[in-house]
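Chemist: This one is start.cif, mmCIF, N, CA and C atoms and all ligand atoms.
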```cif
data_start
#
loop_
_atom_site.label_atom_id
_atom_site.label_comp_id
_atom_site.auth_asym_id
_atom_site.auth_seq_id
_atom_site.Cartn_x
_atom_site.Cartn_y
_atom_site.Cartn_z
N MET A 1 0.84 -1.20 0.00
CA MET A 1 0.00 0.00 0.00
C MET A 1 0.88 1.24 0.00
N SER A 2 0.65 2.09 -0.94
CA SER A 2 1.45 3.31 -0.96
C SER A 2 0.84 4.33 -0.01
N ALA A 3 1.68 5.14 0.57
CA ALA A 3 1.21 6.10 1.54
C ALA A 3 0.41 7.21 0.86
N PRO A 4 -0.78 7.48 1.39
CA PRO A 4 -1.57 8.57 0.83
C PRO A 4 -0.81 9.89 1.00
N SER A 5 -0.95 10.76 0.04
CA SER A 5 -0.14 11.97 0.11
C SER A 5 -0.95 13.25 0.23
N GLN A 6 -2.29 13.07 0.30
CA GLN A 6 -3.11 14.28 0.37
C GLN A 6 -3.66 14.52 1.77
N CYS A 7 -3.66 15.77 2.14
CA CYS A 7 -4.21 16.21 3.42
C CYS A 7 -5.66 15.70 3.57
N ILE A 8 -6.02 15.19 4.75
CA ILE A 8 -7.37 14.65 4.97
C ILE A 8 -8.42 15.73 5.14
N THR A 9 -8.00 16.98 5.28
CA THR A 9 -8.97 18.07 5.39
C THR A 9 -9.73 18.19 4.07
N PRO A 10 -11.09 18.15 4.13
CA PRO A 10 -11.85 18.20 2.88
C PRO A 10 -11.49 19.45 2.07
N SER A 11 -11.38 19.26 0.76
CA SER A 11 -11.11 20.36 -0.17
C SER A 11 -9.74 21.01 0.04
N CYS A 12 -8.87 20.38 0.80
CA CYS A 12 -7.55 20.99 1.01
C CYS A 12 -6.61 20.56 -0.10
N GLY A 13 -6.34 19.24 -0.17
CA GLY A 13 -5.55 18.72 -1.28
C GLY A 13 -4.06 18.99 -1.21
N GLU A 14 -3.59 19.61 -0.14
CA GLU A 14 -2.16 19.86 0.00
C GLU A 14 -1.43 18.56 0.35
N VAL A 15 -0.12 18.59 0.21
CA VAL A 15 0.69 17.41 0.49
C VAL A 15 0.75 17.19 2.01
N VAL A 16 0.61 15.92 2.39
CA VAL A 16 0.62 15.57 3.81
C VAL A 16 1.99 15.81 4.44
N LYS A 17 1.96 16.38 5.64
CA LYS A 17 3.20 16.54 6.38
C LYS A 17 3.21 15.59 7.57
N SER A 18 2.16 15.65 8.37
CA SER A 18 2.11 14.81 9.56
C SER A 18 0.66 14.57 9.96
N ARG A 19 0.42 13.39 10.56
CA ARG A 19 -0.93 13.05 11.05
C ARG A 19 -2.00 13.17 9.97
N GLY A 20 -1.62 12.92 8.73
CA GLY A 20 -2.60 12.99 7.64
C GLY A 20 -2.94 14.42 7.25
N LEU A 21 -2.23 15.36 7.82
CA LEU A 21 -2.53 16.77 7.55
C LEU A 21 -1.37 17.44 6.81
N CYS A 22 -1.69 18.45 6.00
CA CYS A 22 -0.64 19.23 5.35
C CYS A 22 -0.05 20.17 6.39
N LYS A 23 1.00 20.87 6.02
CA LYS A 23 1.66 21.70 7.04
C LYS A 23 0.75 22.81 7.56
N PHE A 24 -0.16 23.31 6.68
CA PHE A 24 -1.05 24.40 7.11
C PHE A 24 -2.08 23.87 8.11
N CYS A 25 -2.72 22.75 7.73
CA CYS A 25 -3.75 22.18 8.59
C CYS A 25 -3.13 21.65 9.88
N TYR A 26 -1.92 21.10 9.74
CA TYR A 26 -1.24 20.57 10.91
C TYR A 26 -0.94 21.70 11.89
N MET A 27 -0.45 22.82 11.34
CA MET A 27 -0.12 23.98 12.18
C MET A 27 -1.38 24.49 12.90
N LYS A 28 -2.48 24.52 12.15
CA LYS A 28 -3.73 25.01 12.72
C LYS A 28 -4.17 24.12 13.88
N ALA A 29 -4.14 22.80 13.62
CA ALA A 29 -4.54 21.85 14.66
C ALA A 29 -3.57 21.95 15.84
N TRP A 30 -2.30 22.05 15.52
CA TRP A 30 -1.25 22.10 16.54
C TRP A 30 -1.43 23.31 17.44
N MET A 31 -1.81 24.46 16.84
CA MET A 31 -2.05 25.68 17.62
C MET A 31 -3.17 25.44 18.64
N TYR A 32 -4.25 24.78 18.17
CA TYR A 32 -5.35 24.47 19.09
C TYR A 32 -4.88 23.56 20.21
N VAL A 33 -4.04 22.59 19.84
CA VAL A 33 -3.57 21.63 20.83
C VAL A 33 -2.68 22.31 21.86
N ILE A 34 -1.72 23.14 21.41
CA ILE A 34 -0.81 23.74 22.40
C ILE A 34 -1.52 24.78 23.27
N LYS A 35 -2.60 25.34 22.73
CA LYS A 35 -3.38 26.26 23.56
C LYS A 35 -4.27 25.50 24.55
N GLY A 36 -4.25 24.17 24.42
CA GLY A 36 -5.03 23.35 25.35
C GLY A 36 -6.52 23.35 25.04
N ARG A 37 -6.88 23.75 23.83
CA ARG A 37 -8.31 23.83 23.49
C ARG A 37 -8.83 22.51 22.93
N VAL A 38 -7.92 21.66 22.54
CA VAL A 38 -8.31 20.37 22.00
C VAL A 38 -7.11 19.44 22.17
N THR A 39 -7.36 18.15 22.07
CA THR A 39 -6.26 17.20 22.13
C THR A 39 -6.18 16.48 20.79
N TRP A 40 -5.01 15.91 20.51
CA TRP A 40 -4.85 15.13 19.27
C TRP A 40 -5.84 13.96 19.27
N GLU A 41 -6.07 13.39 20.45
CA GLU A 41 -6.99 12.26 20.55
C GLU A 41 -8.38 12.66 20.07
N LYS A 42 -8.80 13.84 20.50
CA LYS A 42 -10.12 14.33 20.13
C LYS A 42 -10.20 14.59 18.62
N LEU A 43 -9.15 15.19 18.09
CA LEU A 43 -9.11 15.46 16.65
C LEU A 43 -9.14 14.15 15.87
N GLU A 44 -8.43 13.14 16.41
CA GLU A 44 -8.43 11.83 15.75
C GLU A 44 -9.83 11.22 15.75
N GLN A 45 -10.49 11.33 16.90
CA GLN A 45 -11.85 10.78 17.00
C GLN A 45 -12.79 11.42 15.99
N HIS A 46 -12.57 12.69 15.71
CA HIS A 46 -13.44 13.40 14.77
C HIS A 46 -12.92 13.35 13.34
N GLY A 47 -11.88 12.56 13.13
CA GLY A 47 -11.36 12.42 11.78
C GLY A 47 -10.67 13.67 11.26
N LEU A 48 -10.18 14.51 12.17
CA LEU A 48 -9.51 15.74 11.75
C LEU A 48 -7.99 15.61 11.83
N ALA A 49 -7.55 14.45 12.31
CA ALA A 49 -6.12 14.15 12.32
C ALA A 49 -5.99 12.63 12.40
N LEU A 50 -4.86 12.13 11.99
CA LEU A 50 -4.63 10.69 12.09
C LEU A 50 -3.62 10.44 13.20
N PRO A 51 -3.69 9.22 13.80
CA PRO A 51 -2.71 8.91 14.86
C PRO A 51 -1.29 9.02 14.33
N LYS A 52 -0.39 9.46 15.20
CA LYS A 52 0.97 9.71 14.75
C LYS A 52 1.74 8.43 14.43
N LYS A 53 1.53 7.39 15.28
CA LYS A 53 2.35 6.19 15.13
C LYS A 53 2.03 5.38 13.89
N GLU A 54 0.77 5.21 13.60
CA GLU A 54 0.38 4.46 12.41
C GLU A 54 -0.41 5.40 11.52
N PRO A 55 0.32 6.23 10.82
CA PRO A 55 -0.33 7.36 10.15
C PRO A 55 -1.40 6.98 9.14
N TRP A 56 -1.31 5.75 8.54
CA TRP A 56 -2.26 5.49 7.45
C TRP A 56 -3.39 4.54 7.86
N VAL A 57 -3.40 4.14 9.14
CA VAL A 57 -4.51 3.29 9.58
C VAL A 57 -5.80 4.10 9.55
N GLY A 58 -6.77 3.55 8.92
CA GLY A 58 -8.07 4.23 8.88
C GLY A 58 -8.17 5.29 7.80
N TYR A 59 -7.10 5.53 7.12
CA TYR A 59 -7.10 6.59 6.10
C TYR A 59 -8.07 6.27 4.97
N ASN A 60 -7.98 5.04 4.47
CA ASN A 60 -8.83 4.67 3.34
C ASN A 60 -10.31 4.71 3.69
N GLU A 61 -10.62 4.21 4.88
CA GLU A 61 -12.02 4.23 5.33
C GLU A 61 -12.50 5.67 5.41
N LEU A 62 -11.64 6.50 5.96
CA LEU A 62 -11.98 7.91 6.14
C LEU A 62 -12.21 8.58 4.79
N MET A 63 -11.30 8.31 3.84
CA MET A 63 -11.41 8.93 2.52
C MET A 63 -12.64 8.42 1.78
N ASN A 64 -12.94 7.14 1.92
CA ASN A 64 -14.12 6.58 1.26
C ASN A 64 -15.40 7.21 1.80
N ALA A 65 -15.46 7.30 3.13
CA ALA A 65 -16.64 7.89 3.76
C ALA A 65 -16.79 9.33 3.29
N ARG A 66 -15.66 10.01 3.20
CA ARG A 66 -15.70 11.42 2.80
C ARG A 66 -16.13 11.57 1.34
N LYS A 67 -15.61 10.69 0.49
CA LYS A 67 -15.98 10.76 -0.93
C LYS A 67 -17.47 10.53 -1.10
N GLU A 68 -17.98 9.54 -0.36
CA GLU A 68 -19.41 9.26 -0.42
C GLU A 68 -20.23 10.48 0.00
N ARG A 69 -19.78 11.09 1.08
CA ARG A 69 -20.51 12.24 1.59
C ARG A 69 -20.45 13.41 0.60
N GLU A 70 -19.28 13.64 0.01
CA GLU A 70 -19.15 14.73 -0.95
C GLU A 70 -20.00 14.48 -2.18
N ALA A 71 -20.04 13.22 -2.61
CA ALA A 71 -20.87 12.87 -3.77
C ALA A 71 -22.33 13.12 -3.45
N ARG A 72 -22.72 12.76 -2.22
CA ARG A 72 -24.10 12.97 -1.79
C ARG A 72 -24.45 14.45 -1.80
N ILE A 73 -23.54 15.26 -1.25
CA ILE A 73 -23.79 16.70 -1.20
C ILE A 73 -23.88 17.28 -2.61
N ARG A 74 -22.97 16.81 -3.48
CA ARG A 74 -22.98 17.30 -4.86
C ARG A 74 -24.27 16.94 -5.57
N ALA A 75 -24.72 15.69 -5.36
CA ALA A 75 -25.97 15.25 -5.98
C ALA A 75 -27.12 16.09 -5.46
N GLU A 76 -27.05 16.38 -4.17
CA GLU A 76 -28.08 17.18 -3.51
C GLU A 76 -28.14 18.57 -4.15
N ILE A 77 -26.98 19.16 -4.35
CA ILE A 77 -26.93 20.50 -4.93
C ILE A 77 -27.42 20.46 -6.38
N LYS A 78 -26.98 19.42 -7.09
CA LYS A 78 -27.27 19.32 -8.52
C LYS A 78 -28.77 19.20 -8.81
N LYS A 79 -29.44 18.41 -7.96
CA LYS A 79 -30.85 18.16 -8.25
C LYS A 79 -31.73 19.35 -7.86
N HIS A 80 -31.14 20.30 -7.18
CA HIS A 80 -31.92 21.43 -6.70
C HIS A 80 -32.51 22.28 -7.80
N GLU A 81 -33.74 22.60 -7.60
CA GLU A 81 -34.37 23.58 -8.47
C GLU A 81 -34.36 24.90 -7.73
N CYS A 82 -34.57 25.95 -8.47
CA CYS A 82 -34.67 27.29 -7.90
C CYS A 82 -35.62 27.25 -6.69
N VAL A 83 -35.22 27.91 -5.59
CA VAL A 83 -36.04 27.84 -4.37
C VAL A 83 -37.30 28.71 -4.46
N VAL A 84 -37.37 29.55 -5.46
CA VAL A 84 -38.56 30.39 -5.64
C VAL A 84 -39.74 29.50 -6.04
N PRO A 85 -40.84 29.55 -5.27
CA PRO A 85 -41.96 28.66 -5.57
C PRO A 85 -42.43 28.80 -7.02
N ARG A 86 -42.73 27.68 -7.62
CA ARG A 86 -43.25 27.59 -8.99
C ARG A 86 -42.25 27.99 -10.06
N CYS A 87 -41.01 28.26 -9.71
CA CYS A 87 -40.04 28.66 -10.72
C CYS A 87 -39.50 27.43 -11.45
N LYS A 88 -38.92 26.49 -10.63
CA LYS A 88 -38.47 25.18 -11.15
C LYS A 88 -37.30 25.23 -12.13
N ARG A 89 -36.72 26.40 -12.32
CA ARG A 89 -35.56 26.42 -13.21
C ARG A 89 -34.32 25.93 -12.48
N LYS A 90 -33.28 25.69 -13.23
CA LYS A 90 -32.07 25.14 -12.64
C LYS A 90 -31.31 26.18 -11.83
N VAL A 91 -30.80 25.74 -10.67
CA VAL A 91 -30.10 26.64 -9.78
C VAL A 91 -28.79 27.14 -10.40
N LYS A 92 -28.57 28.44 -10.24
CA LYS A 92 -27.30 29.01 -10.67
C LYS A 92 -26.45 29.35 -9.45
N SER A 93 -27.02 30.12 -8.52
CA SER A 93 -26.29 30.51 -7.33
C SER A 93 -27.25 30.76 -6.19
N ARG A 94 -26.80 30.51 -4.95
CA ARG A 94 -27.63 30.76 -3.76
C ARG A 94 -29.00 30.09 -3.83
N GLY A 95 -29.06 28.96 -4.51
CA GLY A 95 -30.33 28.24 -4.59
C GLY A 95 -31.32 28.88 -5.56
N LEU A 96 -30.82 29.84 -6.33
CA LEU A 96 -31.71 30.53 -7.28
C LEU A 96 -31.27 30.28 -8.72
N CYS A 97 -32.25 30.32 -9.64
CA CYS A 97 -31.90 30.20 -11.05
C CYS A 97 -31.31 31.53 -11.51
N ALA A 98 -30.80 31.57 -12.70
CA ALA A 98 -30.11 32.75 -13.20
C ALA A 98 -30.99 34.00 -13.13
N SER A 99 -32.26 33.87 -13.55
CA SER A 99 -33.09 35.07 -13.60
C SER A 99 -33.53 35.51 -12.21
N CYS A 100 -33.87 34.56 -11.33
CA CYS A 100 -34.25 34.93 -9.96
C CYS A 100 -33.05 35.50 -9.21
N TYR A 101 -31.88 34.92 -9.47
CA TYR A 101 -30.67 35.41 -8.81
C TYR A 101 -30.41 36.85 -9.21
N GLU A 102 -30.53 37.11 -10.50
CA GLU A 102 -30.29 38.46 -11.03
C GLU A 102 -31.27 39.47 -10.41
N LYS A 103 -32.53 39.03 -10.29
CA LYS A 103 -33.57 39.88 -9.71
C LYS A 103 -33.23 40.23 -8.25
N GLN A 104 -32.89 39.18 -7.48
CA GLN A 104 -32.60 39.41 -6.06
C GLN A 104 -31.30 40.18 -5.87
N ARG A 105 -30.36 39.92 -6.76
CA ARG A 105 -29.08 40.62 -6.67
C ARG A 105 -29.31 42.13 -6.82
N LYS A 106 -30.21 42.50 -7.73
CA LYS A 106 -30.55 43.91 -7.93
C LYS A 106 -31.24 44.47 -6.69
N ASN A 107 -32.19 43.69 -6.14
CA ASN A 107 -32.87 44.12 -4.92
C ASN A 107 -31.88 44.37 -3.79
N VAL A 108 -30.91 43.48 -3.68
CA VAL A 108 -29.91 43.62 -2.62
C VAL A 108 -29.05 44.84 -2.90
N ALA A 109 -28.66 45.02 -4.16
CA ALA A 109 -27.84 46.16 -4.55
C ALA A 109 -28.57 47.48 -4.30
N ASN A 110 -29.89 47.48 -4.52
CA ASN A 110 -30.70 48.68 -4.29
C ASN A 110 -30.98 48.92 -2.81
N GLY A 111 -30.60 47.97 -1.96
CA GLY A 111 -30.86 48.11 -0.54
C GLY A 111 -32.30 47.77 -0.16
N GLN A 112 -33.03 47.16 -1.08
CA GLN A 112 -34.41 46.79 -0.77
C GLN A 112 -34.48 45.57 0.14
N THR A 113 -33.45 44.78 0.10
CA THR A 113 -33.40 43.60 0.95
C THR A 113 -31.94 43.22 1.13
N THR A 114 -31.70 42.20 1.94
CA THR A 114 -30.34 41.68 2.10
C THR A 114 -30.40 40.18 1.85
N TRP A 115 -29.23 39.59 1.56
CA TRP A 115 -29.19 38.13 1.35
C TRP A 115 -29.63 37.42 2.63
N GLU A 116 -29.30 38.00 3.78
CA GLU A 116 -29.66 37.36 5.05
C GLU A 116 -31.17 37.28 5.18
N LYS A 117 -31.83 38.42 4.82
CA LYS A 117 -33.28 38.46 4.88
C LYS A 117 -33.89 37.43 3.93
N LEU A 118 -33.34 37.37 2.73
CA LEU A 118 -33.85 36.42 1.74
C LEU A 118 -33.65 34.98 2.21
N GLU A 119 -32.52 34.77 2.90
CA GLU A 119 -32.28 33.42 3.43
C GLU A 119 -33.31 33.07 4.49
N GLU A 120 -33.62 34.04 5.34
CA GLU A 120 -34.64 33.83 6.37
C GLU A 120 -35.99 33.48 5.74
N LEU A 121 -36.29 34.16 4.65
CA LEU A 121 -37.56 33.94 3.96
C LEU A 121 -37.51 32.72 3.04
N LYS A 122 -36.36 32.02 3.09
CA LYS A 122 -36.14 30.85 2.24
C LYS A 122 -36.22 31.20 0.75
N LEU A 123 -35.83 32.43 0.44
CA LEU A 123 -35.82 32.85 -0.96
C LEU A 123 -34.40 32.86 -1.52
N SER A 124 -33.48 32.40 -0.72
CA SER A 124 -32.12 32.18 -1.22
C SER A 124 -31.42 31.27 -0.22
N LEU A 125 -30.32 30.69 -0.66
CA LEU A 125 -29.55 29.82 0.23
C LEU A 125 -28.20 30.48 0.49
N PRO A 126 -27.61 30.17 1.65
CA PRO A 126 -26.32 30.80 1.96
C PRO A 126 -25.28 30.46 0.89
N LEU A 127 -24.49 31.45 0.56
CA LEU A 127 -23.43 31.26 -0.43
C LEU A 127 -22.18 30.84 0.34
N LYS A 128 -22.08 29.55 0.58
CA LYS A 128 -20.97 29.08 1.39
C LYS A 128 -20.39 27.80 0.84
N ASP A 129 -19.15 27.64 1.09
CA ASP A 129 -18.49 26.40 0.70
C ASP A 129 -18.91 25.32 1.69
N GLN A 130 -19.68 24.37 1.22
CA GLN A 130 -20.22 23.33 2.09
C GLN A 130 -19.13 22.58 2.84
N PHE A 131 -18.04 22.31 2.14
CA PHE A 131 -17.02 21.45 2.73
C PHE A 131 -16.21 22.18 3.78
N SER A 132 -15.85 23.41 3.51
CA SER A 132 -15.08 24.11 4.53
C SER A 132 -15.98 24.47 5.71
N GLU A 133 -17.28 24.66 5.45
CA GLU A 133 -18.22 24.87 6.56
C GLU A 133 -18.25 23.63 7.46
N ASP A 134 -18.21 22.47 6.83
CA ASP A 134 -18.18 21.22 7.58
C ASP A 134 -16.98 21.19 8.51
N VAL A 135 -15.86 21.61 7.97
CA VAL A 135 -14.63 21.58 8.77
C VAL A 135 -14.77 22.52 9.95
N LYS A 136 -15.28 23.72 9.69
CA LYS A 136 -15.45 24.69 10.77
C LYS A 136 -16.37 24.13 11.84
N LYS A 137 -17.45 23.47 11.39
CA LYS A 137 -18.40 22.89 12.31
C LYS A 137 -17.69 21.83 13.17
N ASN A 138 -16.86 21.03 12.50
CA ASN A 138 -16.14 20.00 13.22
C ASN A 138 -15.24 20.62 14.28
N TYR A 139 -14.58 21.69 13.91
CA TYR A 139 -13.71 22.33 14.89
C TYR A 139 -14.52 22.89 16.04
N ARG A 140 -15.68 23.46 15.72
CA ARG A 140 -16.51 24.00 16.77
C ARG A 140 -16.93 22.90 17.75
N ASN A 141 -17.15 21.71 17.22
CA ASN A 141 -17.56 20.60 18.08
C ASN A 141 -16.46 20.15 19.02
N VAL A 142 -15.23 20.19 18.54
CA VAL A 142 -14.17 19.60 19.35
C VAL A 142 -13.38 20.63 20.14
N VAL A 143 -13.41 21.87 19.68
CA VAL A 143 -12.64 22.90 20.38
C VAL A 143 -13.45 23.40 21.57
N VAL A 144 -12.78 23.46 22.73
CA VAL A 144 -13.49 23.85 23.95
C VAL A 144 -13.69 25.37 23.99
ZN ZN A 201 -4.57 20.67 4.61
ZN ZN A 202 -36.04 31.00 -10.32
#
```
Could I get this structure in the form of structure tokens?
Ligand SMILES: [Zn+2]
Ligand SMILES: [Zn+2]
Modeler:
Amino acid sequence: MSAPSQCITPSCGEVVKSRGLCKFCYMKAWMYVIKGRVTWEKLEQHGLALPKKEPWVGYNELMNARKEREARIRAEIKKHECVVPRCKRKVKSRGLCASCYEKQRKNVANGQTTWEKLEELKLSLPLKDQFSEDVKKNYRNVVV
């Protein structure tokens, strides 16, 4: 088995340095650890780091689970129709089709509404990277 070379952080893709993490992700995790806000054990439990001694144990399982989840999220996004009732056109951005997005973008630009308000009204979806949001959520769960 050849050693995996990609950082386990979703959407990172950098070369692994230690514990399945690239130097950036490792440094970030390490900062949390030395500040006493989290332990390596906890990060390992949450799949945010790999054990130091046997760095590749569980890596394949982790990557497979992650690939499945990413495929699921992508399929979820892909099948989405515009969130505007009765519109049914294909989503372009923020859960809206091209024409609804353009309309709301103008409203926001005119100060008639905000994206936050539209999100509350379920007339748009947050413009966020799903995968990095996942990572942040994971950190929020494990960081004291
Ligand atoms: Zn990384
Ligand atoms: Zn629409």
Chemist: Can you tell me which residues come within 6 Å of ligand ZN 202 (chain A) when counting all atoms listed in the file, ideally as an mmCIF file with N, CA and C atoms, in the coordinates of the input?
Modeler:
```
data_model
loop_
_atom_site.group_PDB
_atom_site.id
_atom_site.type_symbol
_atom_site.label_atom_id
_atom_site.label_comp_id
_atom_site.auth_asym_id
_atom_site.auth_seq_id
_atom_site.Cartn_x
_atom_site.Cartn_y
_atom_site.Cartn_z
ATOM 1 N N CYS A 82 -34.570 25.950 -8.470
ATOM 2 C CA CYS A 82 -34.670 27.290 -7.900
ATOM 3 C C CYS A 82 -35.620 27.250 -6.690
ATOM 4 N N VAL A 83 -35.220 27.910 -5.590
ATOM 5 C CA VAL A 83 -36.040 27.840 -4.370
ATOM 6 C C VAL A 83 -37.300 28.710 -4.460
ATOM 7 N N VAL A 84 -37.370 29.550 -5.460
ATOM 8 C CA VAL A 84 -38.560 30.390 -5.640
ATOM 9 C C VAL A 84 -39.740 29.500 -6.040
ATOM 10 N N CYS A 87 -41.010 28.260 -9.710
ATOM 11 C CA CYS A 87 -40.040 28.660 -10.720
ATOM 12 C C CYS A 87 -39.500 27.430 -11.450
ATOM 13 N N LYS A 88 -38.920 26.490 -10.630
ATOM 14 C CA LYS A 88 -38.470 25.180 -11.150
ATOM 15 C C LYS A 88 -37.300 25.230 -12.130
ATOM 16 N N ARG A 89 -36.720 26.400 -12.320
ATOM 17 C CA ARG A 89 -35.560 26.420 -13.210
ATOM 18 C C ARG A 89 -34.320 25.930 -12.480
ATOM 19 N N LEU A 96 -30.820 29.840 -6.330
ATOM 20 C CA LEU A 96 -31.710 30.530 -7.280
ATOM 21 C C LEU A 96 -31.270 30.280 -8.720
ATOM 22 N N CYS A 97 -32.250 30.320 -9.640
ATOM 23 C CA CYS A 97 -31.900 30.200 -11.050
ATOM 24 C C CYS A 97 -31.310 31.530 -11.510
ATOM 25 N N ALA A 98 -30.800 31.570 -12.700
ATOM 26 C CA ALA A 98 -30.110 32.750 -13.200
ATOM 27 C C ALA A 98 -30.990 34.000 -13.130
ATOM 28 N N SER A 99 -32.260 33.870 -13.550
ATOM 29 C CA SER A 99 -33.090 35.070 -13.600
ATOM 30 C C SER A 99 -33.530 35.510 -12.210
ATOM 31 N N CYS A 100 -33.870 34.560 -11.330
ATOM 32 C CA CYS A 100 -34.250 34.930 -9.960
ATOM 33 C C CYS A 100 -33.050 35.500 -9.210
ATOM 34 N N TYR A 101 -31.880 34.920 -9.470
ATOM 35 C CA TYR A 101 -30.670 35.410 -8.810
ATOM 36 C C TYR A 101 -30.410 36.850 -9.210
#
```
Chemist: Enumerate as a PyMOL selection string the residues within 7 Å of ligand ZN 201 (chain A), counting only C-alpha atoms and all ligand atoms.
Modeler: chain A and resi 7-9+12-14+21-25
Chemist: What is the distance, in Å and to one decimal place, between atom N of Tyr59 of chain A and atom C of Gly20 of chain A?
Modeler: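 The value is 9.8 Å.
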Chemist: State, in Å with one decimal place, the distance from atom C of Val38 of chain A to atom N of Lys67 of chain A.
Modeler: 24.9 Å
Chemist: What lies within 6 Å of segment 114-124 of chain A using only C-alpha atoms, ignoring chain neighbours under 4 positions off, as a PyMOL selection string?
Modeler: chain A and resi 84+94-95+108
Chemist: With DSSP run on the backbone, what are the helix (DSSP H, G or I) residues within segment 16-76 of chain A? I'd like them as a VMD selection string.
Modeler: chain A and resid 23 to 34 40 to 45 59 to 76
Chemist: Atom C of Tyr32 of chain A and atom CA of Ala65 of chain A, how far apart in Å?
Modeler: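 We find that atom CA of Ala65 of chain A and atom C of Tyr32 of chain A lie 25.6 Å from each other.
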